[in-house]
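A.B. asks: Structure: structure.cif, mmCIF, C-alpha atoms.
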data_model
loop_
_atom_site.label_atom_id
_atom_site.label_comp_id
_atom_site.auth_asym_id
_atom_site.auth_seq_id
_atom_site.Cartn_x
_atom_site.Cartn_y
_atom_site.Cartn_z
CA MET A 1 140.19 -71.16 89.72
CA GLY A 2 141.15 -73.81 87.14
CA LEU A 3 137.78 -75.58 87.42
CA LYS A 4 135.86 -72.33 87.23
CA ARG A 5 137.81 -71.25 84.15
CA GLN A 6 137.12 -74.58 82.47
CA LYS A 7 133.39 -74.34 83.29
CA ILE A 8 133.21 -70.95 81.61
CA ALA A 9 135.09 -72.35 78.61
CA LYS A 10 132.68 -75.30 78.37
CA LYS A 11 129.71 -72.95 78.35
CA THR A 12 131.29 -70.79 75.64
CA ILE A 13 132.13 -73.82 73.48
CA SER A 14 128.53 -75.04 73.82
CA PHE A 15 127.36 -71.65 72.56
CA TYR A 16 129.45 -72.00 69.39
CA LYS A 17 128.50 -75.64 68.94
CA TYR A 18 124.78 -74.94 69.15
CA ASN A 19 124.62 -71.67 67.23
CA PHE A 20 127.46 -71.97 64.70
CA SER A 21 127.82 -75.75 64.23
CA PHE A 22 131.36 -76.09 65.61
CA ARG A 23 132.53 -79.72 65.75
CA GLN A 24 135.65 -81.60 66.76
CA PRO A 25 138.44 -81.53 65.84
CA PHE A 26 138.46 -77.79 66.57
CA GLN A 27 140.63 -75.87 64.11
CA ILE A 28 142.85 -73.34 65.92
CA LEU A 29 144.37 -70.65 63.70
CA ILE A 30 147.53 -69.42 65.47
CA ASP A 31 149.89 -66.52 64.76
CA GLY A 32 153.42 -65.68 65.93
CA THR A 33 152.35 -63.40 68.78
CA PHE A 34 150.51 -66.26 70.50
CA CYS A 35 153.53 -68.57 70.13
CA GLN A 36 155.85 -65.89 71.50
CA MET A 37 153.65 -65.40 74.58
CA ALA A 38 153.37 -69.18 75.09
CA LEU A 39 157.17 -69.50 74.92
CA LYS A 40 157.63 -66.66 77.38
CA ASN A 41 155.19 -68.22 79.88
CA LYS A 42 156.38 -71.80 79.26
CA ILE A 43 153.02 -73.01 77.96
CA GLN A 44 152.97 -76.22 75.92
CA ILE A 45 150.34 -75.40 73.30
CA LYS A 46 149.97 -78.94 71.94
CA GLU A 47 149.40 -80.38 75.41
CA GLN A 48 147.32 -77.69 77.07
CA MET A 49 145.02 -76.65 74.22
CA PRO A 50 143.12 -80.01 73.94
CA LYS A 51 142.75 -80.18 77.73
CA TYR A 52 141.41 -76.67 77.99
CA LEU A 53 138.95 -77.05 75.09
CA MET A 54 138.01 -80.57 76.23
CA GLY A 55 138.31 -82.05 72.78
CA GLU A 56 140.49 -82.89 69.83
CA VAL A 57 142.14 -79.94 68.10
CA GLN A 58 144.04 -79.17 64.90
CA LEU A 59 146.67 -76.46 65.32
CA CYS A 60 147.28 -74.53 62.12
CA THR A 61 148.75 -71.32 60.75
CA THR A 62 149.36 -69.59 57.40
CA ASN A 63 152.36 -68.99 55.16
CA CYS A 64 152.10 -65.23 55.76
CA ALA A 65 152.43 -65.71 59.54
CA LEU A 66 155.59 -67.80 59.03
CA LYS A 67 157.08 -65.28 56.59
CA GLU A 68 156.43 -62.45 59.04
CA LEU A 69 158.41 -64.23 61.79
CA GLU A 70 161.27 -64.86 59.38
CA THR A 71 161.54 -61.16 58.55
CA LEU A 72 161.47 -60.10 62.21
CA GLY A 73 164.83 -61.80 62.89
CA LYS A 74 166.42 -63.78 65.70
CA GLU A 75 164.34 -62.33 68.51
CA LEU A 76 161.35 -64.39 67.39
CA TYR A 77 163.32 -67.47 66.34
CA GLY A 78 161.79 -69.59 69.13
CA ALA A 79 158.24 -68.57 68.17
CA ARG A 80 158.99 -69.43 64.52
CA ILE A 81 160.21 -72.92 65.49
CA ILE A 82 156.96 -73.53 67.41
CA LEU A 83 154.77 -72.17 64.61
CA GLN A 84 156.51 -74.32 61.99
CA LYS A 85 155.30 -77.46 63.77
CA PHE A 86 151.66 -76.65 63.01
CA GLN A 87 149.75 -77.32 59.80
CA SER A 88 150.08 -74.59 57.20
CA ARG A 89 146.74 -73.65 55.64
CA ARG A 90 146.73 -72.25 52.14
CA CYS A 91 145.93 -68.56 51.94
CA ALA A 92 145.44 -66.25 48.96
CA HIS A 93 148.85 -64.58 49.37
CA LEU A 94 151.34 -67.25 48.29
CA LYS A 95 153.09 -65.02 45.75
CA ASP A 96 152.77 -61.75 47.65
CA PRO A 97 152.75 -62.31 51.43
CA VAL A 98 150.85 -59.80 53.58
CA PRO A 99 151.05 -59.07 57.33
CA ALA A 100 149.86 -61.96 59.51
CA SER A 101 147.00 -59.91 60.95
CA GLU A 102 145.60 -59.20 57.48
CA CYS A 103 146.07 -62.81 56.39
CA LEU A 104 144.30 -64.30 59.43
CA LEU A 105 141.29 -62.01 58.97
CA SER A 106 141.10 -62.91 55.29
CA MET A 107 140.97 -66.60 56.25
CA LEU A 108 137.85 -65.89 58.31
CA GLY A 109 135.97 -63.99 55.61
CA GLU A 110 132.64 -62.49 56.63
CA THR A 111 131.08 -65.55 58.31
CA ASN A 112 133.99 -67.86 59.28
CA PRO A 113 132.73 -70.73 57.07
CA HIS A 114 135.48 -73.15 58.17
CA ASN A 115 134.76 -72.62 61.89
CA TYR A 116 138.20 -71.45 62.94
CA PHE A 117 139.22 -70.58 66.49
CA VAL A 118 141.76 -67.73 66.46
CA ALA A 119 144.67 -67.71 68.93
CA THR A 120 146.46 -64.36 68.98
CA GLN A 121 147.87 -61.56 71.13
CA ASP A 122 147.60 -59.04 68.29
CA HIS A 123 145.16 -56.22 69.07
CA THR A 124 144.47 -55.64 65.34
CA VAL A 125 143.39 -59.26 64.87
CA THR A 126 141.36 -59.18 68.10
CA ALA A 127 139.45 -56.07 66.99
CA GLY A 128 138.80 -57.59 63.55
CA VAL A 129 137.65 -60.92 64.98
CA LYS A 130 135.06 -59.21 67.17
CA LYS A 131 133.40 -57.77 64.06
CA ILE A 132 132.80 -61.23 62.57
CA PRO A 133 130.03 -63.43 64.02
CA GLY A 134 130.94 -66.93 65.17
CA VAL A 135 134.72 -66.66 65.78
CA PRO A 136 135.98 -67.94 69.15
CA LEU A 137 138.99 -65.94 70.37
CA LEU A 138 141.87 -67.43 72.41
CA TYR A 139 144.64 -65.50 74.15
CA ILE A 140 147.13 -65.93 76.99
CA ILE A 141 146.80 -64.01 80.25
CA LEU A 142 148.40 -64.68 83.65
CA ASN A 143 150.26 -67.75 82.34
CA THR A 144 147.03 -69.44 81.19
CA ILE A 145 145.12 -69.89 77.94
CA VAL A 146 141.76 -68.10 78.01
CA LEU A 147 138.77 -68.49 75.70
CA ASP A 148 137.07 -65.12 75.39
CA LYS A 149 133.32 -64.86 75.88
CA PRO A 150 131.19 -64.47 72.72
CA CYS A 151 131.43 -60.97 71.27
CA GLN A 152 128.43 -58.70 70.81
CA THR A 153 128.43 -59.33 67.06
CA SER A 154 127.91 -63.06 67.65
CA LEU A 155 125.18 -62.42 70.22
CA ASP A 156 123.36 -60.04 67.85
CA HIS A 157 123.61 -62.58 65.03
CA VAL A 158 122.11 -65.35 67.18
CA LYS A 159 119.30 -63.04 68.28
CA ALA A 160 118.50 -62.09 64.68
CA VAL A 161 118.40 -65.76 63.66
CA SER A 162 116.07 -66.62 66.54
CA LEU A 163 113.71 -63.81 65.47
CA GLY A 164 113.74 -65.07 61.90
CA GLU A 165 115.47 -61.97 60.54
CA MET A 166 118.54 -63.88 59.32
CA VAL A 167 119.51 -67.37 58.15
CA SER A 168 122.08 -69.12 60.30
CA VAL A 169 125.44 -70.22 58.90
CA ALA A 170 124.46 -73.87 59.36
CA GLN A 171 121.26 -73.34 57.37
CA GLN A 172 123.20 -71.57 54.61
CA GLN A 173 125.62 -74.47 54.38
CA SER A 174 122.81 -77.05 54.30
CA ILE A 175 121.00 -75.10 51.55
CA ARG A 176 124.24 -74.86 49.56
CA SER A 177 124.93 -78.59 49.93
CA LEU A 178 121.38 -79.44 48.86
CA LYS A 179 121.77 -77.30 45.76
CA GLU A 180 125.04 -79.03 44.93
CA ASP A 181 123.45 -82.46 45.39
CA LYS A 182 120.59 -81.50 43.07
CA GLY A 183 122.98 -79.99 40.54
CA ILE A 184 121.38 -76.56 40.67
CA ALA A 185 124.26 -74.72 42.31
CA GLN A 186 125.37 -71.72 40.32
CA LYS A 187 128.00 -69.07 40.55
CA ASP A 188 127.10 -65.68 41.97
CA GLY A 189 125.66 -63.47 39.28
CA GLU A 190 125.76 -66.21 36.64
CA ARG A 191 122.16 -65.66 35.60
CA ARG A 192 121.96 -61.97 36.30
CA GLY A 193 121.41 -59.83 33.25
CA LYS A 194 120.62 -62.78 31.00
CA LYS A 195 117.24 -62.99 29.37
CA ARG A 196 115.62 -66.34 29.38
CA LYS A 197 114.96 -67.67 25.88
CA ARG A 198 111.63 -69.27 25.22
CA LYS A 199 111.65 -72.67 23.62
CA GLN A 200 109.89 -72.96 20.29
CA SER A 201 107.02 -75.38 20.61
CA ASN A 202 104.46 -76.73 18.15
CA PRO A 203 100.99 -75.17 18.25
CA ASN A 204 98.30 -76.92 20.16
CA PRO A 205 96.30 -79.05 17.68
CA LEU A 206 93.08 -78.27 19.51
CA SER A 207 93.61 -74.56 18.99
CA CYS A 208 93.83 -75.11 15.17
CA LEU A 209 90.28 -76.49 14.93
CA LYS A 210 87.53 -74.21 13.66
CA LYS A 211 85.32 -72.92 16.34
CA LYS A 212 81.77 -74.21 16.20
CA LYS A 213 78.99 -71.69 16.27
CA LYS A 214 77.07 -72.02 19.41
CA GLY A 215 73.28 -72.45 18.85
CA GLY A 216 71.92 -69.51 20.68
CA PRO A 217 68.29 -68.33 20.78
CA THR A 218 67.02 -66.90 17.48
CA PRO A 219 66.46 -63.19 17.57
CA PRO A 220 62.77 -62.28 17.81
CA LYS A 221 61.14 -61.03 14.64
CA ASN A 222 59.84 -57.55 14.42
CA THR A 223 56.27 -57.97 15.70
CA GLU A 224 55.06 -54.63 14.36
CA GLN A 225 55.98 -55.48 10.76
CA GLY A 226 54.37 -58.92 11.15
CA GLU A 227 51.12 -57.40 12.40
CA LYS A 228 51.02 -54.91 9.50
CA LYS A 229 51.47 -57.72 6.97
CA LYS A 230 48.62 -59.67 8.56
CA ILE A 231 46.30 -56.65 8.41
CA VAL A 232 47.09 -56.00 4.72
CA LYS A 233 46.58 -59.67 3.88
CA ASN A 234 43.21 -59.73 5.66
CA LYS A 235 42.05 -56.63 3.78
CA LYS A 236 42.91 -58.21 0.43
CA GLN A 237 41.00 -61.33 1.30
CA LYS A 238 37.95 -59.26 2.27
CA THR A 239 37.96 -57.23 -0.92
CA GLU A 240 38.33 -60.27 -3.14
CA GLY A 241 35.72 -62.19 -1.31
CA GLY A 242 33.28 -59.24 -1.28
CA ASP A 243 32.71 -59.24 -5.09
CA ASN A 244 31.55 -62.84 -5.15
CA LEU A 245 29.00 -62.44 -2.35
CA PRO A 246 25.33 -63.01 -3.46
CA ALA A 247 23.13 -59.96 -3.76
CA PRO A 248 20.82 -59.35 -0.86
CA VAL A 249 17.11 -60.41 -1.34
CA VAL A 250 14.60 -57.60 -1.07
CA THR A 251 11.09 -58.43 0.11
CA ASN A 252 8.00 -56.26 -0.45
CA ALA A 253 6.15 -55.58 2.63
#
Using structure tokens, write down the structure that the file contains.

C.D. replies:
Amino acid sequence: MGLKRQKIAKKTISFYKYNFSFRQPFQILIDGTFCQMALKNKIQIKEQMPKYLMGEVQLCTTNCALKELETLGKELYGARIILQKFQSRRCAHLKDPVPASECLLSMLGETNPHNYFVATQDHTVTAGVKKIPGVPLLYIILNTIVLDKPCQTSLDHVKAVSLGEMVSVAQQQSIRSLKEDKGIAQKDGERRGKKRKRKQSNPNPLSCLKKKKKGGPTPPKNTEQGEKKKIVKNKKQKTEGGDNLPAPVVTNA
């Protein structure tokens, strides 16, 4: 059963590696409920987690999760001691702590950009995680750590990317990094609503030159008026020339 469970886990990890760019060391975001269950079932998280995931891991939590265990009292003292040994990741609730379930989901955002695994026994966190694509879920059942199969949201996201309907998280990150390298990264909405000012430029010197008149064909003269003038001129010549003609010679028969 152990080998079969590890085979399934390997296949699931490959899914997240290929489709969501997960890399070692895997970051495991843990809450108090997971530590409490591990303590109850005598599971050494630091030892068993790397073996089960077949790679290097970083175990981490949030300040809100630690504060929640403190407020719950002595019953969860053992879970708090375990959780304190992990790295504490900065959340947005340093001044005003929120419930651990709300804090963990806020760390994931909408696309889990930091590629967190989530280890929890909280049903609220589990339901929230399954609405976000690309979040591997870990829980304890029957004294063993189990990596849940990819949720339907992750499967739908991968299908949409393969059909070209969406851009994968890895592609979004590469586009963002390219923009930052080129210095063209901008804040959301920075240019929205702003009209682009046109730069004042000098007029083109060629456009200031006078346009040359193109030598087109000369319009044809009115032929009727020309013909009338010729006829009048010919008549004048005939009349003038007729007075100077010699008189005709008459012969007697």

A.B. asks: Out of A:Ser106, A:Arg80, A:Val135, A:Ala9, which residue has the shortest atom-to-atom distance to Met49 in chain A when counting all atoms listed in the file?

C.D. replies: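 Counting all atoms listed in the file, the residue closest to Met49 in chain A is A:Ala9.
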
A.B. asks: Could you write out as a list in words the residues that the PyMOL selection byres ((chain A and resi 27) around 10) matches in the shown file?

C.D. replies: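 Those residues are Phe22, Arg23, Gln24, Pro25, Phe26, Ile28, Leu29, Ile30, Glu56, Val57, Gln58, Leu59, Cys60, Thr61, His114, Asn115, Tyr116, Phe117 and Val118 of chain A.
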
A.B. asks: Please write the residues picked by the PyMOL selection byres ((chain A and resi 83) around 9) on this file as a PyMOL selection string.

C.D. replies: chain A and resi 30-32+35+60-61+65-66+78-82+84-87

A.B. asks: Looking at A:Leu108, A:Ala127, A:Ala160, A:Leu147, which one is nearest to Lys10 in chain A, with distances taken over only C-alpha atoms?

C.D. replies: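 Closest residue, counting only C-alpha atoms: A:Leu147.
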
A.B. asks: Select, from A:Leu39, A:Thr153, A:Pro136, A:Ser162, the residue with the minimum atom-to-atom distance to Ile13 in chain A, counting only C-alpha atoms.

C.D. replies: A:Pro136

A.B. asks: Name the residues captured by the PyMOL selection byres ((chain A and resi 138) around 7) when it is applied to the shown file; answer as a VMD selection string.

C.D. replies: chain A and resid 118 to 120 136 to 137 139 145 to 148

A.B. asks: Of the candidates A:Leu76, A:Cys91, A:Val98, A:Val161, which shows the shortest atom-to-atom distance to Thr62 in chain A, using all atoms listed in the file?

C.D. replies: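 Of A:Leu76, A:Cys91, A:Val98, A:Val161, the one nearest Thr62 in chain A, counting all atoms listed in the file, is A:Cys91.
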
A.B. asks: Enter the distance from CA of Pro150 in chain A to CA of Asn19 in chain A, in Å, rounded to one decimal.

C.D. replies: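 The value is 11.2 Å.
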
A.B. asks: Can you measure CA of Leu69 in chain A to CA of Lys46 in chain A for me? One decimal in Å is fine.

C.D. replies: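 Value for the CA of Leu69 in chain A-CA of Lys46 in chain A distance: 19.8 Å.
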
A.B. asks: Starting from 4 Å padding per side, set up an axis-aligned box that covers all listed atoms of range 5-23 of chain A and hand over centre and edge lengths in Å, one decimal, as JSON.

C.D. replies:
{"center_x": 131.2, "center_y": -75.3, "center_z": 74.2, "size_x": 21.2, "size_y": 16.9, "size_z": 27.9}

A.B. asks: Nearest residue to Cys151 in chain A out of A:Asn112, A:Gln6, A:Gln121, A:Thr12, using all atoms listed in the file?

C.D. replies: A:Thr12
